[in-house]
$ cat final-v3.cif   # mmCIF, C-alpha atoms and all ligand atoms
data_work
loop_
_atom_site.group_PDB
_atom_site.id
_atom_site.type_symbol
_atom_site.label_atom_id
_atom_site.label_comp_id
_atom_site.auth_asym_id
_atom_site.auth_seq_id
_atom_site.Cartn_x
_atom_site.Cartn_y
_atom_site.Cartn_z
ATOM 1 C CA MET G 5 67.795 106.274 74.379
ATOM 2 C CA THR G 6 71.348 104.935 74.659
ATOM 3 C CA GLU G 7 71.391 101.160 74.493
ATOM 4 C CA GLN G 8 72.169 99.736 77.914
ATOM 5 C CA GLN G 9 75.559 98.097 78.122
ATOM 6 C CA PRO G 10 76.320 95.259 80.535
ATOM 7 C CA VAL G 11 78.363 95.969 83.639
ATOM 8 C CA ARG G 12 81.300 93.614 83.864
ATOM 9 C CA ILE G 13 82.263 92.166 87.238
ATOM 10 C CA GLN G 14 86.043 92.008 87.648
ATOM 11 C CA LEU G 15 87.171 89.605 90.381
ATOM 12 C CA ALA G 16 90.334 90.948 92.062
ATOM 13 C CA LEU G 17 92.640 88.224 93.363
ATOM 14 C CA ASP G 18 95.098 89.495 95.965
ATOM 15 C CA ARG G 19 97.210 88.259 98.859
ATOM 16 C CA MET G 20 97.052 84.545 98.038
ATOM 17 C CA THR G 21 99.104 81.981 96.134
ATOM 18 C CA ILE G 22 98.605 81.314 92.424
ATOM 19 C CA GLN G 23 96.930 77.984 93.220
ATOM 20 C CA GLU G 24 94.631 79.634 95.762
ATOM 21 C CA ALA G 25 93.786 82.289 93.182
ATOM 22 C CA ILE G 26 92.897 79.667 90.579
ATOM 23 C CA HIS G 27 90.801 77.762 93.123
ATOM 24 C CA MET G 28 88.988 80.965 94.142
ATOM 25 C CA ALA G 29 88.273 81.908 90.537
ATOM 26 C CA GLN G 30 86.982 78.384 89.795
ATOM 27 C CA GLN G 31 84.439 78.730 92.614
ATOM 28 C CA VAL G 32 83.006 82.007 91.307
ATOM 29 C CA GLU G 33 83.641 81.643 87.576
ATOM 30 C CA PRO G 34 79.945 81.610 86.530
ATOM 31 C CA TYR G 35 79.307 84.960 88.235
ATOM 32 C CA VAL G 36 82.300 87.051 87.137
ATOM 33 C CA ASP G 37 83.337 88.356 83.734
ATOM 34 C CA TRP G 38 86.925 89.499 84.159
ATOM 35 C CA ILE G 39 89.641 88.068 86.414
ATOM 36 C CA GLU G 40 92.273 90.395 87.837
ATOM 37 C CA VAL G 41 95.703 89.042 88.701
ATOM 38 C CA GLY G 42 96.224 91.403 91.627
ATOM 39 C CA THR G 43 99.309 93.528 92.116
ATOM 40 C CA SER G 44 100.197 91.455 95.167
ATOM 41 C CA LEU G 45 100.295 88.236 93.102
ATOM 42 C CA ILE G 46 102.471 89.821 90.423
ATOM 43 C CA LYS G 47 104.822 91.202 93.095
ATOM 44 C CA GLU G 48 105.050 87.922 94.987
ATOM 45 C CA PHE G 49 105.089 85.408 92.141
ATOM 46 C CA GLY G 50 105.977 87.453 89.113
ATOM 47 C CA ILE G 51 104.505 87.410 85.618
ATOM 48 C CA GLU G 52 104.127 83.638 85.977
ATOM 49 C CA SER G 53 100.951 84.400 87.960
ATOM 50 C CA VAL G 54 99.435 86.033 84.873
ATOM 51 C CA ARG G 55 100.521 83.151 82.615
ATOM 52 C CA GLN G 56 99.071 80.443 84.886
ATOM 53 C CA ILE G 57 95.776 82.244 85.467
ATOM 54 C CA LYS G 58 95.272 82.850 81.735
ATOM 55 C CA GLN G 59 96.034 79.167 81.110
ATOM 56 C CA ALA G 60 93.439 78.189 83.723
ATOM 57 C CA PHE G 61 90.809 80.593 82.322
ATOM 58 C CA PRO G 62 91.504 81.007 78.595
ATOM 59 C CA ASP G 63 87.998 82.299 77.890
ATOM 60 C CA LYS G 64 87.972 85.022 80.558
ATOM 61 C CA ILE G 65 89.312 88.541 80.173
ATOM 62 C CA ILE G 66 92.464 88.565 82.311
ATOM 63 C CA VAL G 67 93.569 91.866 83.835
ATOM 64 C CA ALA G 68 97.208 92.129 84.920
ATOM 65 C CA ASP G 69 97.133 94.739 87.690
ATOM 66 C CA ILE G 70 100.812 95.555 87.277
ATOM 67 C CA LYS G 71 100.305 99.263 88.136
ATOM 68 C CA THR G 72 103.079 100.394 85.797
ATOM 69 C CA PHE G 73 104.748 103.710 86.647
ATOM 70 C CA ASP G 74 107.805 103.482 84.378
ATOM 71 C CA ASN G 75 109.307 101.050 81.848
ATOM 72 C CA ALA G 76 105.916 100.977 80.178
ATOM 73 C CA LYS G 77 106.746 99.103 76.992
ATOM 74 C CA TYR G 78 108.765 96.437 78.822
ATOM 75 C CA GLU G 79 106.155 95.835 81.525
ATOM 76 C CA PHE G 80 103.132 95.891 79.199
ATOM 77 C CA GLU G 81 104.837 93.503 76.775
ATOM 78 C CA LEU G 82 105.533 91.154 79.704
ATOM 79 C CA CYS G 83 101.830 91.192 80.609
ATOM 80 C CA PHE G 84 100.535 90.724 77.068
ATOM 81 C CA GLU G 85 103.083 88.016 76.203
ATOM 82 C CA ALA G 86 101.915 86.186 79.357
ATOM 83 C CA GLY G 87 98.329 86.295 78.088
ATOM 84 C CA ALA G 88 96.832 89.365 79.767
ATOM 85 C CA ASP G 89 93.987 91.044 77.905
ATOM 86 C CA VAL G 90 94.212 94.235 79.963
ATOM 87 C CA ALA G 91 97.173 95.762 81.833
ATOM 88 C CA THR G 92 97.129 98.637 84.312
ATOM 89 C CA VAL G 93 99.167 101.836 84.531
ATOM 90 C CA MET G 94 99.028 104.516 87.192
ATOM 91 C CA GLY G 95 97.358 107.699 85.963
ATOM 92 C CA ALA G 96 99.907 109.706 87.924
ATOM 93 C CA ALA G 97 102.719 108.331 85.714
ATOM 94 C CA PRO G 98 104.442 110.675 83.238
ATOM 95 C CA ASP G 99 102.714 111.244 79.897
ATOM 96 C CA ALA G 100 105.563 109.382 78.165
ATOM 97 C CA THR G 101 104.730 106.277 80.193
ATOM 98 C CA LEU G 102 100.986 106.550 79.575
ATOM 99 C CA GLU G 103 101.495 107.026 75.844
ATOM 100 C CA LEU G 104 103.819 104.007 75.658
ATOM 101 C CA CYS G 105 101.244 101.876 77.493
ATOM 102 C CA MET G 106 98.571 102.943 75.020
ATOM 103 C CA GLN G 107 100.857 102.278 72.044
ATOM 104 C CA THR G 108 101.875 98.846 73.347
ATOM 105 C CA ALA G 109 98.272 97.860 74.052
ATOM 106 C CA ARG G 110 97.220 98.951 70.553
ATOM 107 C CA LYS G 111 100.098 96.962 69.014
ATOM 108 C CA TYR G 112 98.925 93.824 70.839
ATOM 109 C CA GLN G 113 95.247 94.703 70.302
ATOM 110 C CA ARG G 114 94.722 94.605 74.055
ATOM 111 C CA GLN G 115 93.518 97.234 76.526
ATOM 112 C CA THR G 116 94.969 99.681 79.021
ATOM 113 C CA MET G 117 93.334 100.408 82.359
ATOM 114 C CA ILE G 118 94.470 103.696 83.889
ATOM 115 C CA ASP G 119 94.328 103.696 87.700
ATOM 116 C CA LEU G 120 93.205 107.100 89.008
ATOM 117 C CA LEU G 121 94.563 106.515 92.517
ATOM 118 C CA ASN G 122 95.732 109.868 93.928
ATOM 119 C CA VAL G 123 95.223 111.627 90.589
ATOM 120 C CA SER G 124 94.194 115.315 90.644
ATOM 121 C CA GLN G 125 91.040 116.591 88.939
ATOM 122 C CA GLU G 126 93.208 118.397 86.408
ATOM 123 C CA LYS G 127 95.081 115.210 85.520
ATOM 124 C CA ARG G 128 91.808 113.232 85.383
ATOM 125 C CA HIS G 129 90.552 115.687 82.804
ATOM 126 C CA HIS G 130 93.824 115.330 80.869
ATOM 127 C CA LEU G 131 93.531 111.512 80.928
ATOM 128 C CA LYS G 132 90.187 111.578 79.142
ATOM 129 C CA GLN G 133 92.151 112.039 75.914
ATOM 130 C CA TYR G 134 92.913 108.295 76.125
ATOM 131 C CA THR G 135 89.541 107.399 74.716
ATOM 132 C CA ASP G 136 90.368 103.739 74.146
ATOM 133 C CA ALA G 137 91.472 103.221 77.768
ATOM 134 C CA ILE G 138 89.451 102.258 80.827
ATOM 135 C CA LEU G 139 89.713 104.848 83.612
ATOM 136 C CA CYS G 140 89.602 103.190 87.033
ATOM 137 C CA ASP G 141 88.375 105.218 89.984
ATOM 138 C CA HIS G 142 90.185 103.480 92.827
ATOM 139 C CA VAL G 143 90.116 103.869 96.608
ATOM 140 C CA SER G 144 93.271 102.188 97.845
ATOM 141 C CA LYS G 145 93.460 99.444 100.445
ATOM 142 C CA ASP G 146 95.326 101.821 102.776
ATOM 143 C CA GLU G 147 92.662 104.546 102.404
ATOM 144 C CA GLN G 148 89.982 101.913 103.065
ATOM 145 C CA GLU G 149 91.688 100.535 106.151
ATOM 146 C CA HIS G 150 93.103 103.729 107.666
ATOM 147 C CA HIS G 151 90.750 106.508 106.502
ATOM 148 C CA GLY G 152 87.474 104.569 106.241
ATOM 149 C CA GLN G 153 87.022 105.576 102.595
ATOM 150 C CA VAL G 154 85.125 103.427 100.106
ATOM 151 C CA ALA G 155 84.642 103.403 96.366
ATOM 152 C CA GLY G 156 81.728 105.451 95.128
ATOM 153 C CA SER G 157 82.392 108.498 97.283
ATOM 154 C CA SER G 158 84.986 110.195 95.089
ATOM 155 C CA SER G 159 84.884 112.397 92.045
ATOM 156 C CA ILE G 160 84.641 109.981 89.142
ATOM 157 C CA GLN G 161 81.018 111.132 88.808
ATOM 158 C CA GLN G 162 82.119 114.279 87.031
ATOM 159 C CA THR G 163 84.334 112.310 84.683
ATOM 160 C CA THR G 164 81.476 109.934 83.926
ATOM 161 C CA THR G 165 78.962 112.702 83.381
ATOM 162 C CA ASP G 166 81.316 114.501 81.043
ATOM 163 C CA THR G 167 81.938 111.277 79.182
ATOM 164 C CA ILE G 168 78.234 110.697 78.629
ATOM 165 C CA ALA G 169 77.660 114.322 77.675
ATOM 166 C CA ASN G 170 80.435 114.146 75.100
ATOM 167 C CA ASN G 171 79.232 110.737 73.912
ATOM 168 C CA SER G 172 82.825 109.565 73.950
ATOM 169 C CA THR G 173 84.878 106.970 75.761
ATOM 170 C CA PRO G 174 86.927 106.180 77.929
ATOM 171 C CA LYS G 175 85.114 103.497 79.800
ATOM 172 C CA ILE G 176 84.841 103.695 83.567
ATOM 173 C CA ALA G 177 85.834 101.124 86.207
ATOM 174 C CA VAL G 178 85.378 101.482 89.962
ATOM 175 C CA ALA G 179 87.419 99.681 92.653
ATOM 176 C CA GLY G 180 88.128 99.712 96.353
ATOM 177 C CA GLY G 181 86.223 97.885 99.048
ATOM 178 C CA ILE G 182 83.041 97.454 97.002
ATOM 179 C CA THR G 183 80.352 95.491 98.837
ATOM 180 C CA LEU G 184 76.726 94.547 98.209
ATOM 181 C CA GLU G 185 75.788 97.562 100.352
ATOM 182 C CA THR G 186 77.844 100.111 98.396
ATOM 183 C CA LEU G 187 77.207 98.667 94.950
ATOM 184 C CA PRO G 188 73.886 100.484 94.246
ATOM 185 C CA THR G 189 75.554 103.889 94.731
ATOM 186 C CA ILE G 190 78.379 102.859 92.437
ATOM 187 C CA LEU G 191 76.009 101.582 89.755
ATOM 188 C CA GLN G 192 74.386 105.032 89.642
ATOM 189 C CA GLN G 193 77.741 106.261 88.293
ATOM 190 C CA SER G 194 77.266 104.071 85.195
ATOM 191 C CA PRO G 195 80.531 102.136 85.323
ATOM 192 C CA THR G 196 81.466 99.641 82.636
ATOM 193 C CA VAL G 197 83.466 97.522 85.112
ATOM 194 C CA VAL G 198 83.015 97.021 88.857
ATOM 195 C CA ILE G 199 86.096 95.548 90.523
ATOM 196 C CA VAL G 200 85.395 93.425 93.589
ATOM 197 C CA GLY G 201 88.069 91.701 95.681
ATOM 198 C CA SER G 202 87.620 91.148 99.404
ATOM 199 C CA ALA G 203 83.811 91.128 99.374
ATOM 200 C CA ILE G 204 84.080 87.897 97.383
ATOM 201 C CA THR G 205 87.453 86.419 98.309
ATOM 202 C CA GLN G 206 87.053 86.951 102.075
ATOM 203 C CA ALA G 207 83.413 85.875 102.143
ATOM 204 C CA HIS G 208 82.352 82.754 104.019
ATOM 205 C CA ASP G 209 80.879 81.525 100.726
ATOM 206 C CA PRO G 210 82.618 83.272 97.791
ATOM 207 C CA ALA G 211 80.301 81.773 95.166
ATOM 208 C CA GLU G 212 77.193 82.943 97.023
ATOM 209 C CA SER G 213 78.689 86.415 97.444
ATOM 210 C CA ALA G 214 79.590 86.669 93.753
ATOM 211 C CA GLN G 215 76.143 85.427 92.762
ATOM 212 C CA GLN G 216 74.479 88.054 94.989
ATOM 213 C CA ILE G 217 76.575 90.776 93.362
ATOM 214 C CA ARG G 218 75.604 89.601 89.898
ATOM 215 C CA GLU G 219 71.925 89.416 90.862
ATOM 216 C CA LEU G 220 72.018 92.901 92.394
ATOM 217 C CA ILE G 221 73.431 94.326 89.162
ATOM 218 C CA HIS G 222 70.780 92.534 87.140
ATOM 219 C CA THR G 223 67.994 93.786 89.428
ATOM 220 C CA PHE G 224 69.376 97.330 89.471
ATOM 221 C CA PHE G 225 69.300 97.637 85.706
ATOM 222 C CA SER G 226 66.020 95.831 85.213
ATOM 223 C CA GLN G 227 64.329 98.248 87.656
ATOM 224 C CA SER G 228 66.175 101.352 86.584
ATOM 225 C CA THR G 229 65.795 103.691 83.652
ATOM 226 C CA ASN G 230 69.517 104.449 84.004
ATOM 227 C CA THR G 231 71.717 103.737 81.037
ATOM 228 C CA THR G 232 75.428 103.170 81.096
ATOM 229 C CA ALA G 233 77.810 105.239 79.040
ATOM 230 C CA SER G 234 77.929 104.157 75.434
ATOM 231 C CA ILE G 235 81.148 102.293 74.698
HETATM 232 O O1 LIG G 301 93.728 97.186 93.121
HETATM 233 C C1 LIG G 301 93.461 96.568 94.097
HETATM 234 C C2 LIG G 301 94.385 96.571 95.216
HETATM 235 O O2 LIG G 301 95.463 97.394 94.908
HETATM 236 C C3 LIG G 301 92.216 95.729 94.135
HETATM 237 O O3 LIG G 301 91.949 95.247 92.879
HETATM 238 C C4 LIG G 301 91.018 96.528 94.531
HETATM 239 O O4 LIG G 301 91.288 97.220 95.729
HETATM 240 C C5 LIG G 301 89.802 95.615 94.701
HETATM 241 O O5 LIG G 301 89.924 94.850 95.865
HETATM 242 P P1 LIG G 301 89.024 95.150 97.153
HETATM 243 O O6 LIG G 301 87.585 94.983 96.736
HETATM 244 O O7 LIG G 301 89.457 94.116 98.160
HETATM 245 O O8 LIG G 301 89.330 96.558 97.584
#

$ encode --input "final-v3.cif" --output "structure tokens" --more "lines below"
Ligand SMILES: O=C(CO)[C@H](O)[C@H](O)COP(=O)(O)O
Amino acid sequence: MTEQQPVRIQLALDRMTIQEAIHMAQQVEPYVDWIEVGTSLIKEFGIESVRQIKQAFPDKIIVADIKTFDNAKYEFELCFEAGADVATVMGAAPDATLELCMQTARKYQRQTMIDLLNVSQEKRHHLKQYTDAILCDHVSKDEQEHHGQVAGSSSIQQTTTDTIANNSTPKIAVAGGITLETLPTILQQSPTVVIVGSAITQAHDPAESAQQIRELIHTFFSQSTNTTASI
């Protein structure tokens, strides 16, 4: 049997100031593994948001959700020099961009997360060649708010199944409106990372919400014979 790997909880921090983001992360720190500096923070406050959040949480994995589409080397170097452990690129970007992201991450001994937003099945298959990346199945905020879509309903399942069958990486992340209610379905897909934003940051009690998510993951795997993909 494949040894069960832990599921990491990635806290997504969006649409707030850097200080609010740090305060939010402090409240939920015991219950989350990775901290994402959301695209909105990077757009509003620049790479300084990554630097300050890494300084505040030096022992956490910091994900810079820069969503690179071009200028890969320049943007990934900015993220890694600011202290990010993981930086994101859009899977729909040209191969040249994706390859430069991978190269830059390897040079810095950091990681690339490839966002599969609006990526075709054919391209998803192509992206599996990046075996040291994390593939992120992502339902966008606009699809959540205007089309009622949620993470867990899309086609990452096939990617995950193939990955297990081939006993190869990449790792899988899932993002987009994840809640306590949708989490069990998502966990059946054997992700390595679950990315949760609003369900924690907009909660009446963010720490309680994050704790419930952590407990649900623990309960799911202690009751389940499921195993996550070997990484
Ligand atoms: O990438 C993102 C936004 O572009 C967020 O990280 C992702 O959507 C998670 O946040 P939420 O749980 O609020 O959807």

$ axis_aligned_box --input "final-v3.cif" --around "ligand LIG 301 (chain G)" --padding-each-side "5 Å" --output "lines of an AutoDock Vina configuration file"
center_x = 91.5
center_y = 95.8
center_z = 95.5
size_x = 17.9
size_y = 13.3
size_z = 15.3

$ residues_near_ligand --input "final-v3.cif" --ligand "ligand LIG 301 (chain G)" --cutoff "8 Å" --atoms "all atoms listed in the file" --output "list of chain:residue names"
G:Leu15, G:Ala16, G:Leu17, G:Asp18, G:Glu40, G:Gly42, G:Thr43, G:Ser44, G:Asp69, G:His142, G:Val143, G:Ser144, G:Lys145, G:Gln148, G:Ala179, G:Gly180, G:Gly181, G:Ile182, G:Thr183, G:Ile199, G:Val200, G:Gly201, G:Ser202, G:Ala203, G:Ile204, G:Thr205

$ residues_around --input "final-v3.cif" --residues "His27 (chain G)" --least-positions-apart "5" --cutoff "12 Å" --atoms "all atoms listed in the file" --output "list in words"
Leu17, Met20, Thr21, Ile22, Val32, Glu33, Gln56, Ile57, Ala60, Phe61, Thr205, Pro210 and Ala211 of chain G

$ write_last_selection --input "final-v3.cif" --atoms "C-alpha atoms" --output "PDB file, keeping the file's coordinate frame"
ATOM      1  CA  LEU G  17      92.640  88.224  93.363  1.00  0.00           C
ATOM      2  CA  MET G  20      97.052  84.545  98.038  1.00  0.00           C
ATOM      3  CA  THR G  21      99.104  81.981  96.134  1.00  0.00           C
ATOM      4  CA  ILE G  22      98.605  81.314  92.424  1.00  0.00           C
ATOM      5  CA  VAL G  32      83.006  82.007  91.307  1.00  0.00           C
ATOM      6  CA  GLU G  33      83.641  81.643  87.576  1.00  0.00           C
ATOM      7  CA  GLN G  56      99.071  80.443  84.886  1.00  0.00           C
ATOM      8  CA  ILE G  57      95.776  82.244  85.467  1.00  0.00           C
ATOM      9  CA  ALA G  60      93.439  78.189  83.723  1.00  0.00           C
ATOM     10  CA  PHE G  61      90.809  80.593  82.322  1.00  0.00           C
ATOM     11  CA  THR G 205      87.453  86.419  98.309  1.00  0.00           C
ATOM     12  CA  PRO G 210      82.618  83.272  97.791  1.00  0.00           C
ATOM     13  CA  ALA G 211      80.301  81.773  95.166  1.00  0.00           C
TER      14      ALA G 211
END

$ resolve_selection --input "final-v3.cif" --expression "the PyMOL selection byres (((chain G and resi 101) around 9) and not hetatm)" --output "PyMOL selection string"
chain G and resi 72-77+93+97-100+102-106

$ resolve_selection --input "final-v3.cif" --expression "the PyMOL selection byres (((chain G and resi 216) around 12) and not hetatm)" --output "ChimeraX atom specification"
/G:13,32,34-36,183-185,187,203-204,207,209-215,217-224

$ write_last_selection --input "final-v3.cif" --atoms "C-alpha atoms" --output "PDB file, keeping the file's coordinate frame"
ATOM      1  CA  ILE G  13      82.263  92.166  87.238  1.00  0.00           C
ATOM      2  CA  VAL G  32      83.006  82.007  91.307  1.00  0.00           C
ATOM      3  CA  PRO G  34      79.945  81.610  86.530  1.00  0.00           C
ATOM      4  CA  TYR G  35      79.307  84.960  88.235  1.00  0.00           C
ATOM      5  CA  VAL G  36      82.300  87.051  87.137  1.00  0.00           C
ATOM      6  CA  THR G 183      80.352  95.491  98.837  1.00  0.00           C
ATOM      7  CA  LEU G 184      76.726  94.547  98.209  1.00  0.00           C
ATOM      8  CA  GLU G 185      75.788  97.562 100.352  1.00  0.00           C
ATOM      9  CA  LEU G 187      77.207  98.667  94.950  1.00  0.00           C
ATOM     10  CA  ALA G 203      83.811  91.128  99.374  1.00  0.00           C
ATOM     11  CA  ILE G 204      84.080  87.897  97.383  1.00  0.00           C
ATOM     12  CA  ALA G 207      83.413  85.875 102.143  1.00  0.00           C
ATOM     13  CA  ASP G 209      80.879  81.525 100.726  1.00  0.00           C
ATOM     14  CA  PRO G 210      82.618  83.272  97.791  1.00  0.00           C
ATOM     15  CA  ALA G 211      80.301  81.773  95.166  1.00  0.00           C
ATOM     16  CA  GLU G 212      77.193  82.943  97.023  1.00  0.00           C
ATOM     17  CA  SER G 213      78.689  86.415  97.444  1.00  0.00           C
ATOM     18  CA  ALA G 214      79.590  86.669  93.753  1.00  0.00           C
ATOM     19  CA  GLN G 215      76.143  85.427  92.762  1.00  0.00           C
ATOM     20  CA  ILE G 217      76.575  90.776  93.362  1.00  0.00           C
ATOM     21  CA  ARG G 218      75.604  89.601  89.898  1.00  0.00           C
ATOM     22  CA  GLU G 219      71.925  89.416  90.862  1.00  0.00           C
ATOM     23  CA  LEU G 220      72.018  92.901  92.394  1.00  0.00           C
ATOM     24  CA  ILE G 221      73.431  94.326  89.162  1.00  0.00           C
ATOM     25  CA  HIS G 222      70.780  92.534  87.140  1.00  0.00           C
ATOM     26  CA  THR G 223      67.994  93.786  89.428  1.00  0.00           C
ATOM     27  CA  PHE G 224      69.376  97.330  89.471  1.00  0.00           C
TER      28      PHE G 224
END

$ build_atoms --input "final-v3.cif" --residues "region 128-153 of chain G" --atoms "N, CA and C atoms" --output "JSON list (two decimals), keeping the file's coordinate frame"
[["chain", "number", "residue", "atom", "x", "y", "z"],
["G", 128, "ARG", "N", 92.93, 114.08, 85.82],
["G", 128, "ARG", "CA", 91.81, 113.23, 85.38],
["G", 128, "ARG", "C", 91.24, 113.77, 84.07],
["G", 129, "HIS", "N", 91.08, 115.07, 84.02],
["G", 129, "HIS", "CA", 90.55, 115.69, 82.80],
["G", 129, "HIS", "C", 91.50, 115.41, 81.63],
["G", 130, "HIS", "N", 92.79, 115.56, 81.89],
["G", 130, "HIS", "CA", 93.82, 115.33, 80.87],
["G", 130, "HIS", "C", 93.76, 113.87, 80.36],
["G", 131, "LEU", "N", 93.50, 112.94, 81.29],
["G", 131, "LEU", "CA", 93.53, 111.51, 80.93],
["G", 131, "LEU", "C", 92.36, 111.10, 80.03],
["G", 132, "LYS", "N", 91.34, 111.94, 79.98],
["G", 132, "LYS", "CA", 90.19, 111.58, 79.14],
["G", 132, "LYS", "C", 90.53, 111.58, 77.66],
["G", 133, "GLN", "N", 91.71, 112.11, 77.31],
["G", 133, "GLN", "CA", 92.15, 112.04, 75.91],
["G", 133, "GLN", "C", 92.39, 110.59, 75.48],
["G", 134, "TYR", "N", 92.64, 109.70, 76.47],
["G", 134, "TYR", "CA", 92.91, 108.30, 76.12],
["G", 134, "TYR", "C", 91.58, 107.57, 75.98],
["G", 135, "THR", "N", 90.92, 107.84, 74.88],
["G", 135, "THR", "CA", 89.54, 107.40, 74.72],
["G", 135, "THR", "C", 89.40, 105.89, 74.55],
["G", 136, "ASP", "N", 90.50, 105.19, 74.23],
["G", 136, "ASP", "CA", 90.37, 103.74, 74.15],
["G", 136, "ASP", "C", 90.88, 103.05, 75.41],
["G", 137, "ALA", "N", 91.08, 103.82, 76.48],
["G", 137, "ALA", "CA", 91.47, 103.22, 77.77],
["G", 137, "ALA", "C", 90.25, 103.05, 78.66],
["G", 138, "ILE", "N", 90.45, 102.33, 79.76],
["G", 138, "ILE", "CA", 89.45, 102.26, 80.83],
["G", 138, "ILE", "C", 90.02, 103.06, 81.99],
["G", 139, "LEU", "N", 89.27, 104.06, 82.46],
["G", 139, "LEU", "CA", 89.71, 104.85, 83.61],
["G", 139, "LEU", "C", 89.15, 104.21, 84.87],
["G", 140, "CYS", "N", 90.04, 103.90, 85.82],
["G", 140, "CYS", "CA", 89.60, 103.19, 87.03],
["G", 140, "CYS", "C", 89.66, 104.10, 88.25],
["G", 141, "ASP", "N", 88.47, 104.44, 88.75],
["G", 141, "ASP", "CA", 88.38, 105.22, 89.98],
["G", 141, "ASP", "C", 88.63, 104.25, 91.14],
["G", 142, "HIS", "N", 89.70, 104.49, 91.90],
["G", 142, "HIS", "CA", 90.18, 103.48, 92.83],
["G", 142, "HIS", "C", 90.45, 104.08, 94.21],
["G", 143, "VAL", "N", 89.79, 103.53, 95.21],
["G", 143, "VAL", "CA", 90.12, 103.87, 96.61],
["G", 143, "VAL", "C", 91.05, 102.77, 97.10],
["G", 144, "SER", "N", 92.24, 103.17, 97.53],
["G", 144, "SER", "CA", 93.27, 102.19, 97.84],
["G", 144, "SER", "C", 92.95, 101.40, 99.12],
["G", 145, "LYS", "N", 93.61, 100.28, 99.25],
["G", 145, "LYS", "CA", 93.46, 99.44, 100.44],
["G", 145, "LYS", "C", 93.84, 100.26, 101.69],
["G", 146, "ASP", "N", 94.90, 101.05, 101.60],
["G", 146, "ASP", "CA", 95.33, 101.82, 102.78],
["G", 146, "ASP", "C", 94.30, 102.89, 103.14],
["G", 147, "GLU", "N", 93.71, 103.54, 102.12],
["G", 147, "GLU", "CA", 92.66, 104.55, 102.40],
["G", 147, "GLU", "C", 91.42, 103.87, 102.99],
["G", 148, "GLN", "N", 91.13, 102.65, 102.51],
["G", 148, "GLN", "CA", 89.98, 101.91, 103.06],
["G", 148, "GLN", "C", 90.22, 101.60, 104.54],
["G", 149, "GLU", "N", 91.42, 101.07, 104.82],
["G", 149, "GLU", "CA", 91.69, 100.54, 106.15],
["G", 149, "GLU", "C", 92.03, 101.62, 107.17],
["G", 150, "HIS", "N", 92.63, 102.72, 106.70],
["G", 150, "HIS", "CA", 93.10, 103.73, 107.67],
["G", 150, "HIS", "C", 92.31, 105.02, 107.64],
["G", 151, "HIS", "N", 91.55, 105.28, 106.56],
["G", 151, "HIS", "CA", 90.75, 106.51, 106.50],
["G", 151, "HIS", "C", 89.26, 106.22, 106.34],
["G", 152, "GLY", "N", 88.89, 104.94, 106.34],
["G", 152, "GLY", "CA", 87.47, 104.57, 106.24],
["G", 152, "GLY", "C", 86.82, 104.98, 104.93],
["G", 153, "GLN", "N", 87.61, 105.18, 103.88],
["G", 153, "GLN", "CA", 87.02, 105.58, 102.60],
["G", 153, "GLN", "C", 86.59, 104.34, 101.81]]
